[in-house]
Structures are given as structure tokens and as C-alpha cells.
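File shown: model.cif. Contents: mmCIF, C-alpha atoms.
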data_target
#
loop_
_atom_site.label_atom_id
_atom_site.label_comp_id
_atom_site.auth_asym_id
_atom_site.auth_seq_id
_atom_site.Cartn_x
_atom_site.Cartn_y
_atom_site.Cartn_z
CA MET A 1 0.00 0.00 0.00
CA ALA A 2 1.31 3.44 -0.93
CA THR A 3 2.18 5.77 1.93
CA ALA A 4 1.69 9.53 1.97
CA ASP A 5 5.34 9.96 0.99
CA ASP A 6 4.83 7.75 -2.07
CA ILE A 7 1.99 9.86 -3.50
CA LYS A 8 3.29 12.40 -5.98
CA ARG A 9 2.07 15.97 -5.68
CA VAL A 10 1.09 17.84 -8.84
CA LEU A 11 0.39 21.57 -9.11
CA ILE A 12 -1.81 22.65 -12.02
CA VAL A 13 -1.48 26.29 -13.10
CA ASP A 14 -4.21 27.21 -15.58
CA ARG A 15 -6.35 30.29 -16.06
CA GLU A 16 -9.25 28.19 -17.36
CA ILE A 17 -11.00 26.85 -14.28
CA ALA A 18 -12.98 24.19 -16.17
CA ALA A 19 -9.85 22.87 -17.91
CA ALA A 20 -7.90 22.80 -14.65
CA GLU A 21 -10.71 20.90 -12.93
CA ALA A 22 -10.86 18.28 -15.71
CA ILE A 23 -7.10 17.74 -15.41
CA ARG A 24 -7.31 17.65 -11.61
CA GLN A 25 -10.00 14.97 -11.69
CA THR A 26 -8.09 12.82 -14.19
CA LEU A 27 -4.81 12.99 -12.28
CA SER A 28 -6.54 12.44 -8.94
CA GLU A 29 -8.18 9.30 -10.28
CA GLY A 30 -4.71 8.31 -11.50
CA GLY A 31 -3.39 8.33 -7.94
CA PHE A 32 -1.82 11.78 -7.66
CA SER A 33 -2.34 14.45 -5.01
CA VAL A 34 -3.41 17.46 -7.08
CA SER A 35 -3.87 21.16 -6.38
CA THR A 36 -4.75 23.98 -8.77
CA MET A 37 -3.92 27.66 -8.98
CA THR A 38 -5.23 30.44 -11.22
CA ASP A 39 -3.62 33.39 -9.39
CA SER A 40 -0.48 34.25 -11.34
CA PRO A 41 1.33 36.36 -8.70
CA ALA A 42 1.01 33.57 -6.11
CA VAL A 43 2.33 30.77 -8.32
CA LEU A 44 6.06 31.52 -8.08
CA ALA A 45 5.93 31.88 -4.29
CA ALA A 46 3.97 28.64 -3.96
CA ILE A 47 6.52 26.71 -6.03
CA CYS A 48 9.42 28.01 -3.94
CA GLN A 49 7.78 27.63 -0.54
CA HIS A 50 6.07 24.27 -1.03
CA PRO A 51 7.69 22.55 -4.04
CA PRO A 52 5.47 19.93 -5.66
CA ASP A 53 6.83 16.95 -7.56
CA LEU A 54 5.48 18.29 -10.84
CA VAL A 55 4.12 21.57 -12.18
CA LEU A 56 1.68 21.47 -15.10
CA ILE A 57 1.43 25.01 -16.42
CA ASP A 58 -0.59 26.74 -19.10
CA TRP A 59 2.16 28.47 -21.10
CA ASP A 60 -0.36 31.07 -22.28
CA MET A 61 -1.23 32.20 -18.76
CA PRO A 62 -0.75 35.97 -18.32
CA GLY A 63 1.31 37.45 -15.53
CA ILE A 64 4.09 34.83 -15.44
CA ALA A 65 7.30 35.50 -17.38
CA ALA A 66 9.01 32.37 -18.66
CA GLN A 67 12.37 33.22 -17.11
CA ASP A 68 10.79 33.92 -13.71
CA LEU A 69 9.00 30.59 -13.80
CA PHE A 70 12.14 28.60 -14.59
CA GLN A 71 14.14 30.47 -11.96
CA ALA A 72 11.50 29.52 -9.39
CA ILE A 73 11.70 25.89 -10.50
CA ARG A 74 15.50 25.92 -10.22
CA ARG A 75 15.35 27.43 -6.72
CA ALA A 76 12.83 24.80 -5.65
CA ARG A 77 15.12 22.07 -7.02
CA THR A 78 17.73 22.86 -4.41
CA ASP A 79 15.69 20.74 -1.99
CA ARG A 80 13.74 18.41 -4.23
CA SER A 81 13.49 17.65 -7.92
CA VAL A 82 10.56 19.56 -9.39
CA ARG A 83 9.46 18.49 -12.85
CA LEU A 84 7.73 20.79 -15.33
CA ILE A 85 5.32 20.07 -18.18
CA ILE A 86 4.22 22.94 -20.42
CA LEU A 87 0.68 23.01 -21.82
CA SER A 88 0.22 25.42 -24.71
CA THR A 89 -1.88 26.33 -27.72
CA PHE A 90 1.39 27.20 -29.49
CA ALA A 91 2.45 24.02 -31.24
CA SER A 92 5.10 25.04 -33.77
CA GLU A 93 8.51 23.40 -33.70
CA GLN A 94 10.03 26.71 -32.62
CA ASP A 95 7.69 26.90 -29.62
CA VAL A 96 8.42 23.31 -28.59
CA VAL A 97 12.17 23.81 -28.96
CA ARG A 98 12.06 26.99 -26.87
CA GLY A 99 10.13 25.30 -24.06
CA LEU A 100 12.40 22.26 -23.95
CA SER A 101 15.53 24.37 -24.26
CA LEU A 102 14.52 26.42 -21.23
CA GLY A 103 14.43 23.22 -19.21
CA ALA A 104 10.90 21.81 -19.38
CA ASP A 105 10.62 18.03 -19.07
CA ASP A 106 7.81 17.83 -21.62
CA TYR A 107 5.72 20.09 -23.87
CA ILE A 108 2.13 19.15 -24.68
CA ALA A 109 0.24 21.05 -27.37
CA LYS A 110 -3.46 21.81 -26.95
CA PRO A 111 -5.88 20.30 -27.56
CA PHE A 112 -4.77 17.04 -25.95
CA SER A 113 -6.54 14.01 -24.55
CA LEU A 114 -6.66 13.60 -20.79
CA ARG A 115 -5.44 10.01 -21.17
CA GLU A 116 -2.37 11.26 -23.03
CA LEU A 117 -1.73 13.86 -20.33
CA LEU A 118 -2.01 11.21 -17.61
CA ALA A 119 0.42 8.90 -19.45
CA ARG A 120 2.99 11.63 -19.97
CA THR A 121 2.67 12.81 -16.37
CA ARG A 122 3.35 9.28 -15.18
CA ALA A 123 6.32 9.00 -17.53
CA VAL A 124 7.97 12.19 -16.25
CA LEU A 125 7.44 11.30 -12.59
CA ARG A 126 8.50 7.69 -13.10
CA LEU A 127 11.79 8.95 -14.49
CA ARG A 128 12.24 11.05 -11.38
CA GLY A 129 11.76 7.93 -9.27
CA ARG A 130 14.42 6.13 -11.32
CA GLU A 131 17.08 8.73 -10.68
CA ARG A 132 19.99 6.87 -9.19
CA GLU A 133 22.12 7.79 -6.23
CA THR A 134 25.34 6.46 -7.80
CA ALA A 135 28.97 7.47 -7.91
CA GLN A 136 30.26 9.96 -10.41
CA LEU A 137 30.32 9.26 -14.12
CA ALA A 138 33.43 10.67 -15.75
CA CYS A 139 35.10 10.79 -19.14
CA ASP A 140 38.31 12.76 -19.36
CA GLN A 141 37.43 15.90 -17.37
CA LEU A 142 33.69 15.76 -18.04
CA VAL A 143 32.09 14.69 -14.75
CA LEU A 144 28.44 13.93 -13.94
CA ASP A 145 27.60 13.58 -10.24
CA SER A 146 24.34 11.66 -9.83
CA VAL A 147 24.01 12.66 -6.17
CA THR A 148 24.31 16.42 -6.54
CA LYS A 149 22.90 16.40 -10.10
CA ARG A 150 25.79 18.58 -11.27
CA VAL A 151 27.76 18.28 -14.50
CA THR A 152 31.16 19.90 -14.77
CA ALA A 153 33.63 20.14 -17.66
CA ARG A 154 37.21 20.94 -16.70
CA GLY A 155 35.84 22.28 -13.43
CA GLN A 156 33.23 24.50 -15.14
CA HIS A 157 29.63 23.96 -13.99
CA LEU A 158 27.44 23.43 -17.07
CA GLY A 159 24.05 23.95 -15.42
CA LEU A 160 22.35 21.00 -17.13
CA ARG A 161 18.84 20.23 -15.94
CA GLY A 162 15.71 18.39 -16.95
CA VAL A 163 15.83 16.24 -20.06
CA GLU A 164 19.33 17.39 -21.04
CA TYR A 165 20.73 16.13 -17.75
CA ARG A 166 18.91 12.79 -17.94
CA LEU A 167 19.95 12.29 -21.58
CA LEU A 168 23.62 12.83 -20.76
CA GLU A 169 23.37 10.61 -17.67
CA PHE A 170 21.91 7.73 -19.66
CA LEU A 171 24.43 7.97 -22.49
CA MET A 172 27.40 8.35 -20.14
CA SER A 173 26.15 5.28 -18.25
CA ASN A 174 26.42 3.34 -21.51
CA PRO A 175 29.63 4.62 -23.15
CA GLY A 176 30.22 3.51 -26.72
CA ARG A 177 26.72 2.04 -27.16
CA THR A 178 24.50 3.45 -29.90
CA PHE A 179 20.82 4.05 -29.22
CA ASN A 180 18.18 4.94 -31.79
CA ARG A 181 15.51 7.59 -31.19
CA ARG A 182 12.88 5.12 -30.04
CA GLN A 183 15.24 3.57 -27.50
CA LEU A 184 16.16 6.99 -26.15
CA LEU A 185 12.49 7.96 -25.90
CA THR A 186 11.88 4.81 -23.86
CA GLN A 187 14.89 5.24 -21.57
CA VAL A 188 14.92 9.01 -21.09
CA TRP A 189 11.29 10.07 -21.55
CA GLY A 190 9.53 6.90 -20.37
CA GLY A 191 8.09 3.88 -22.15
CA ASP A 192 4.49 5.03 -22.49
CA THR A 193 5.10 8.68 -23.33
CA LEU A 194 3.71 9.99 -26.62
CA VAL A 195 6.56 12.42 -27.30
CA ASP A 196 7.46 12.70 -30.97
CA GLU A 197 10.84 11.31 -32.08
CA ARG A 198 11.95 14.76 -33.27
CA THR A 199 12.12 15.70 -29.57
CA VAL A 200 15.20 13.46 -29.31
CA ASP A 201 16.98 15.36 -32.09
CA VAL A 202 16.09 18.73 -30.52
CA ASN A 203 17.49 17.76 -27.14
CA VAL A 204 20.59 16.06 -28.55
CA GLN A 205 21.45 19.20 -30.51
CA ARG A 206 20.82 21.38 -27.47
CA LEU A 207 23.00 19.15 -25.28
CA ARG A 208 25.76 18.99 -27.89
CA SER A 209 25.77 22.79 -28.13
CA ILE A 210 26.23 23.10 -24.36
CA LEU A 211 29.02 20.51 -24.34
CA ALA A 212 30.77 22.18 -27.28
CA ASN A 213 31.70 25.32 -25.35
CA PRO A 214 34.17 23.52 -23.02
CA GLY A 215 35.27 21.26 -25.87
CA TYR A 216 33.11 18.15 -25.44
CA GLY A 217 30.62 18.54 -28.28
CA GLY A 218 32.31 15.74 -30.23
CA TYR A 219 31.70 13.27 -27.41
CA LEU A 220 27.98 13.18 -28.24
CA GLN A 221 28.24 11.38 -31.55
CA THR A 222 25.71 10.81 -34.33
CA VAL A 223 26.02 7.34 -35.83
CA ARG A 224 24.54 7.73 -39.30
CA GLY A 225 21.46 5.58 -39.82
CA LEU A 226 21.60 4.17 -36.29
CA GLY A 227 21.27 6.86 -33.64
CA TYR A 228 23.42 8.49 -30.98
CA CYS A 229 26.19 7.42 -28.63
CA PHE A 230 28.55 8.92 -26.07
CA ALA A 231 32.25 8.26 -26.67
CA PRO A 232 35.48 10.25 -27.01
CA PRO A 233 36.02 11.24 -30.63
CA LEU A 234 38.65 9.29 -32.55
CA GLN A 235 41.96 11.09 -32.84
CA LYS A 236 42.84 11.96 -36.42
#
So that I can check it, write out the structure of this file as C-alpha cells.
Amino acid sequence: MATADDIKRVLIVDREIAAAEAIRQTLSEGGFSVSTMTDSPAVLAAICQHPPDLVLIDWDMPGIAAQDLFQAIRRARTDRSVRLIILSTFASEQDVVRGLSLGADDYIAKPFSLRELLARTRAVLRLRGRERETAQLACDQLVLDSVTKRVTARGQHLGLRGVEYRLLEFLMSNPGRTFNRRQLLTQVWGGDTLVDERTVDVNVQRLRSILANPGYGGYLQTVRGLGYCFAPPLQK
């Protein structure tokens, strides 16, 4: 039997009361402890003071700047890992890339089915539960610490978070092995998530760009026709 500590807490932030209530009911029936907020000024304080396990936020909600929201999430993550799923009527590739690049764990375009939302919520929170308290992963001077959730390159903190962090952790845990997009979706995003395969390419490119600055972009390799792997580049 699940204890109170096992029940994941979800905060829904949506200006549409009816939509928020439908989501609340679906997630509650799915076994989550759910609360809702429609007051924009109070959202950031609530996230910092009482961090939930997951925030589901309407990206179109007025009164909340994107940067302020992500800063609040990062501050809350000093004590616990807060996941974030964006809900938005903006569904272009540019919008999705921007949301994921800022650090969201998932981006769901409206309209969506409540069953899909429940599945993707479970996937994101299941991945949080799988985070391992292991020793450091290191390759040359690129170091990933699974306890502190910090990634450093030659002593420089890279500030990875969300999907980018989990993607690097998985690939560094399997050095030299090539994984196709579907395998990465299963391992990094969760087996029953409905995320499109292009999401893998977006996040790989974003991660490679971050690693390139301290000189590790070549370690995240594209294996033509097969997928991606983490390995030191061959010396020419």
C-alpha cells in the first residue's frame, strides 16, 4: 500500500477553471495528489515555498514571465526535484524547442486528450523515481555527479537540468553504445510517453551545443542511420 510519501504531488497552473478541474480529476483518479492555482502572482511563491513533484502550467497564462518561472523551479530544485510540463496552444517546432531548451521536461500542445496527459505525467514522474544515487560518471574531465545532479567540464559547472541532464546521464552510463531515437524515448522520456521522435533530435542538438563550449561537443556522436552514442572522438 502506498504511503503519503509515495503519493506524488502535482500543481496545475491554468487560467481556465474548467480545464484545470478536468485535469485535476483525471490525475486524482490516477493516484496523484493534485492542487490547482489560477492566481499568477502567487504561483512563483507557492513553487518556492512548497515545491510539488510536478508543475503542469498553461504556457499562455498571463502574468508569469518564462524566465521567472524557470528560476522559481530551479530554486525549488535545491531541496527536491521539481518536474515541469508545459501546456500550450502554441504548437510550432520553434515553440516546442524553446520550451524544452529552457528546461521543461515535456511540452504538450493543446488540444490534448486527458489520457495522453495522464500517461505523460506518469512518464515524467517515473523517471524522477528512477534517478539513481550512484557514484560519479566521468570521461576525461567531463564529470556527472548523480548525487548532486551537477555536471562539470574541466571544473566548469554546465548547469544542465531536466531532459538534457537525464539524456547525458543515460548515455554516459552506456559509453560507446549506440541508441536509436525510439530507445532513447523509452529510456529518457519513459516507455508510455507519446513524445514525438523529433524531440530526441532537438534535445541532442541542445546538449551537444552546451558541451561544445568547453570542448566536449564531439563526445555526443551521431552514428549515421543508427542513432546516438557517447564516446570520445577518434583522434585523427
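Closest to A:Leu234 among A:Gly176, A:Ser88, A:Ala212, A:Ser113 is A:Gly176, based on all atoms listed in the file.
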Neighbours of point (4.9, 17.3, -7.3) within 9 Å, using all atoms listed in the file, written as a list in words: Ile7, Lys8, Arg9, Val10, Leu11, Phe32, Ser33, Val34, Pro51, Pro52, Asp53, Leu54, Val55, Ser81, Val82, Arg83 and Leu125 of chain A
Have a look at atom CA of A:Leu220 and atom CA of A:Arg208 and let me know their distance in Å, one decimal. 6.2 Å
To one decimal place in Å, what is the distance between atom CA of A:Leu137 and atom CA of A:Glu164?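 Atom CA of A:Glu164 lies 15.3 Å from atom CA of A:Leu137.
Interatomic distance, atom CA of A:Gln221 to atom CA of A:Pro233: 7.8 Å.
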Starting from the displayed file, determine the output of the PyMOL selection byres ((chain A and resi 98-111) around 9) and express the residue list as an MDAnalysis selection string. chainID A and resid 66:67 70 83:97 112:113 117 120:121 124 160:164 189 195 199 202:203 206
Dump as a compact mmCIF listing (two decimals), in the frame of the given file, selection limited to C-alpha atoms:
# COMPACT_ATOMS: atom_id res chain seq x y z
CA ALA A 66 9.01 32.37 -18.66
CA GLN A 67 12.37 33.22 -17.11
CA PHE A 70 12.14 28.60 -14.59
CA ARG A 83 9.46 18.49 -12.85
CA LEU A 84 7.73 20.79 -15.33
CA ILE A 85 5.32 20.07 -18.18
CA ILE A 86 4.22 22.94 -20.42
CA LEU A 87 0.68 23.01 -21.82
CA SER A 88 0.22 25.42 -24.71
CA THR A 89 -1.88 26.33 -27.72
CA PHE A 90 1.39 27.20 -29.49
CA ALA A 91 2.45 24.02 -31.24
CA SER A 92 5.10 25.04 -33.77
CA GLU A 93 8.51 23.40 -33.70
CA GLN A 94 10.03 26.71 -32.62
CA ASP A 95 7.69 26.90 -29.62
CA VAL A 96 8.42 23.31 -28.59
CA VAL A 97 12.17 23.81 -28.96
CA PHE A 112 -4.77 17.04 -25.95
CA SER A 113 -6.54 14.01 -24.55
CA LEU A 117 -1.73 13.86 -20.33
CA ARG A 120 2.99 11.63 -19.97
CA THR A 121 2.67 12.81 -16.37
CA VAL A 124 7.97 12.19 -16.25
CA LEU A 160 22.35 21.00 -17.13
CA ARG A 161 18.84 20.23 -15.94
CA GLY A 162 15.71 18.39 -16.95
CA VAL A 163 15.83 16.24 -20.06
CA GLU A 164 19.33 17.39 -21.04
CA TRP A 189 11.29 10.07 -21.55
CA VAL A 195 6.56 12.42 -27.30
CA THR A 199 12.12 15.70 -29.57
CA VAL A 202 16.09 18.73 -30.52
CA ASN A 203 17.49 17.76 -27.14
CA ARG A 206 20.82 21.38 -27.47
Evaluate the PyMOL selection byres ((chain A and resi 144) around 10) on the structure here and hand back the selected residues as a ChimeraX atom specification. /A:135-139,141-143,145-153,160,165,168-169,172-173
Spatial neighbours of A:Val13, max dist 7 Å, all atoms listed in the file, sep filter under 5 positions, as a list in words: Thr36, Met37, Thr38, Leu56, Ile57 and Asp58 of chain A
Residues of the last selection are to be written out with C-alpha atoms, as an mmCIF file, in the frame of the given file.
data_model
loop_
_atom_site.group_PDB
_atom_site.id
_atom_site.type_symbol
_atom_site.label_atom_id
_atom_site.label_comp_id
_atom_site.auth_asym_id
_atom_site.auth_seq_id
_atom_site.Cartn_x
_atom_site.Cartn_y
_atom_site.Cartn_z
ATOM 1 C CA THR A 36 -4.750 23.980 -8.770
ATOM 2 C CA MET A 37 -3.920 27.660 -8.980
ATOM 3 C CA THR A 38 -5.230 30.440 -11.220
ATOM 4 C CA LEU A 56 1.680 21.470 -15.100
ATOM 5 C CA ILE A 57 1.430 25.010 -16.420
ATOM 6 C CA ASP A 58 -0.590 26.740 -19.100
#
Picked residues, the PyMOL selection byres ((chain A and resi 175) around 10), expected as a PyMOL selection string: chain A and resi 139+170-174+176-178+219+229-232
Polymer residues at most 10 Å from A:Ile23, only C-alpha atoms, same-chain spacing of 2 or more positions, as a PyMOL selection string: chain A and resi 12+14+17-21+25-29+34+36+56+113-115+117-118
